[in-house]
Amino acid sequence: MSNLPGGESAARTADLPTGIEPAVAHDPVPAPGTAAHDAAASKEAAETVIKAFGGVRGMIDMTLPGLVFIVVFNLTHQVAPAAWSALGLSGLFVVVRLAKRETIQHAFSGVFGVAIGAWISMKTGKAENFYLPGLLYSVGYCVALAVSALVRWPLIGVMLGPITGEMFTWRTRNPGRLAAYTKATWAWVVIMGIKPVILFPLYFTGNVNLLGWMKVALGIPPMLLAMYVTWQILLKAPPPIKAETDTE
């Protein structure tokens, strides 16, 4: 038997019959109601933010068609080829997601927006109109977020509730999370409002190149910032109260 520290344990392990593994100590699961349990639940709920907005893949699906449009437009100086290229790429994203049996929510919304922009730009012959639906959507989205926060139905909570399993318990049974969702929703209003404030003046100048490249540049970074701020807010919020189902 070894005289080294732990030698006795090593000898006992060696005496175990072949095929039997020694018990391994695991970190205990925090008991419900404890501060550690609440912190773990809050962290888990906060991490649903990326999932709710389609993750980086969803943002790419909605950003790349705009990049393709401006690149093809610069190469051809024609609206139609640029519009069809962007629309084709959006359609390809949907097909790939369907083939992989993934959700097409974000890819489909991208196709819808690109299709409207392509139709308007080809109909008017003005390349800048390809970006007009997206600009109007950004304004409408910010207005909807602000209104939802004012009427105490913050959209961030409406979107995340079903994913976290709390549904809408945060409205009546969890005032701390209602406050957190409201704060996060206002953060989205401010951050996502940056895009139309910058891009609409460019749209009216008719500078398609600057508008297109700025649209691409302001695609992913504000979304990532808004998700990070939301994540930080929800980390400090009370844990979600799971909604009871009929079977429960």
# chains A, B, ... in the order shown; residues from 1 in each chain; ligands from 1
$ residues_around --residues "segment 198-205 of chain A" --least-positions-apart "4" --cutoff "8 Å" --atoms "only C-alpha atoms" --output "list in words"
Glu128, Leu132, Leu135, Ile194, Leu210, Leu211, Met214 and Lys215 of chain A
$ residues_around --residues "segment 72-80 of chain A" --least-positions-apart "2" --cutoff "8 Å" --atoms "only C-alpha atoms" --output "tab-separated table (two decimals) with all heavy atoms, in the first residue's frame"
chain	number	residue	atom	x	y	z
A	68	VAL	N	-25.52	41.25	-50.84
A	68	VAL	CA	-25.51	40.77	-52.23
A	68	VAL	C	-26.12	41.80	-53.16
A	68	VAL	O	-25.62	42.03	-54.27
A	68	VAL	CB	-26.27	39.42	-52.33
A	68	VAL	CG1	-26.52	39.05	-53.79
A	68	VAL	CG2	-25.47	38.32	-51.65
A	69	PHE	N	-27.19	42.44	-52.72
A	69	PHE	CA	-27.85	43.45	-53.56
A	69	PHE	C	-26.89	44.56	-53.93
A	69	PHE	O	-26.76	44.92	-55.12
A	69	PHE	CB	-29.07	44.03	-52.84
A	69	PHE	CG	-29.77	45.10	-53.62
A	69	PHE	CD1	-30.76	44.77	-54.54
A	69	PHE	CD2	-29.44	46.44	-53.46
A	69	PHE	CE1	-31.41	45.76	-55.28
A	69	PHE	CE2	-30.07	47.43	-54.19
A	69	PHE	CZ	-31.06	47.09	-55.10
A	70	ILE	N	-26.21	45.13	-52.93
A	70	ILE	CA	-25.35	46.27	-53.22
A	70	ILE	C	-24.13	45.86	-54.03
A	70	ILE	O	-23.65	46.62	-54.89
A	70	ILE	CB	-24.95	47.00	-51.91
A	70	ILE	CG1	-24.37	48.39	-52.22
A	70	ILE	CG2	-23.97	46.17	-51.10
A	70	ILE	CD1	-25.33	49.33	-52.88
A	82	ALA	N	-29.64	42.84	-59.38
A	82	ALA	CA	-29.31	42.95	-57.96
A	82	ALA	C	-30.47	42.45	-57.11
A	82	ALA	O	-30.28	41.71	-56.13
A	82	ALA	CB	-28.97	44.40	-57.61
A	83	ALA	N	-31.69	42.85	-57.49
A	83	ALA	CA	-32.86	42.45	-56.72
A	83	ALA	C	-33.08	40.94	-56.80
A	83	ALA	O	-33.36	40.29	-55.78
A	83	ALA	CB	-34.10	43.19	-57.23
A	84	TRP	N	-32.97	40.38	-57.99
A	84	TRP	CA	-33.17	38.93	-58.14
A	84	TRP	C	-32.08	38.13	-57.43
A	84	TRP	O	-32.36	37.05	-56.90
A	84	TRP	CB	-33.21	38.56	-59.61
A	84	TRP	CG	-34.52	38.86	-60.27
A	84	TRP	CD1	-34.77	39.78	-61.25
A	84	TRP	CD2	-35.78	38.24	-59.98
A	84	TRP	NE1	-36.09	39.79	-61.59
A	84	TRP	CE2	-36.75	38.86	-60.83
A	84	TRP	CE3	-36.20	37.26	-59.10
A	84	TRP	CZ2	-38.09	38.49	-60.82
A	84	TRP	CZ3	-37.53	36.90	-59.08
A	84	TRP	CH2	-38.46	37.50	-59.92
A	85	SER	N	-30.87	38.65	-57.40
A	85	SER	CA	-29.78	37.96	-56.69
A	85	SER	C	-30.05	37.90	-55.19
A	85	SER	O	-29.87	36.86	-54.54
A	85	SER	CB	-28.44	38.67	-56.95
A	85	SER	OG	-28.11	38.63	-58.32
A	118	ALA	N	-37.41	44.05	-53.39
A	118	ALA	CA	-37.06	43.78	-54.78
A	118	ALA	C	-38.17	44.26	-55.72
A	118	ALA	O	-37.90	44.87	-56.76
A	118	ALA	CB	-36.81	42.29	-54.97
A	121	SER	N	-38.21	48.17	-55.79
A	121	SER	CA	-37.06	48.74	-56.50
A	121	SER	C	-37.15	48.50	-58.00
A	121	SER	O	-36.82	49.38	-58.80
A	121	SER	CB	-35.75	48.14	-55.95
A	121	SER	OG	-35.72	46.74	-56.13
A	122	MET	N	-37.62	47.33	-58.42
A	122	MET	CA	-37.76	47.05	-59.85
A	122	MET	C	-38.92	47.84	-60.45
A	122	MET	O	-38.88	48.28	-61.59
A	122	MET	CB	-37.94	45.56	-60.09
A	122	MET	CG	-36.66	44.75	-59.87
A	122	MET	SD	-36.78	43.02	-60.40
A	122	MET	CE	-37.88	42.36	-59.14
A	125	GLY	N	-37.60	51.46	-60.40
A	125	GLY	CA	-36.31	51.65	-61.06
A	125	GLY	C	-35.29	52.34	-60.19
A	125	GLY	O	-34.21	52.72	-60.66
A	126	LYS	N	-35.61	52.52	-58.92
A	126	LYS	CA	-34.70	53.19	-57.98
A	126	LYS	C	-34.12	52.15	-57.02
A	126	LYS	O	-34.85	51.52	-56.25
A	126	LYS	CB	-35.44	54.27	-57.20
A	126	LYS	CG	-35.94	55.41	-58.07
A	126	LYS	CD	-36.62	56.47	-57.23
A	126	LYS	CE	-37.09	57.65	-58.08
A	126	LYS	NZ	-37.75	58.69	-57.26
A	127	ALA	N	-32.79	52.01	-57.03
A	127	ALA	CA	-32.14	50.99	-56.22
A	127	ALA	C	-32.33	51.23	-54.72
A	127	ALA	O	-32.43	50.29	-53.94
A	127	ALA	CB	-30.65	50.93	-56.55
A	209	ASN	N	-24.96	53.55	-52.73
A	209	ASN	CA	-23.78	52.84	-52.23
A	209	ASN	C	-23.61	53.04	-50.73
A	209	ASN	O	-23.45	52.07	-49.98
A	209	ASN	CB	-22.52	53.32	-52.95
A	209	ASN	CG	-22.24	52.52	-54.20
A	209	ASN	OD1	-22.44	51.31	-54.21
A	209	ASN	ND2	-21.82	53.19	-55.25
$ closest_residue --among "A:Val189, A:Val197, A:Leu89, A:Leu160" --to "Leu136 of chain A" --atoms "only C-alpha atoms"
A:Val197
$ select_by_dssp --residues "segment 141-201 of chain A" --states "alpha helix (DSSP H)" --output "PyMOL selection string"
chain A and resi 141-150+155-164+169-172+175-192+194-201
$ closest_residue --among "A:Tyr228, A:Phe130, A:Trp213, A:Trp186" --to "Val147 of chain A" --atoms "only C-alpha atoms"
A:Trp186
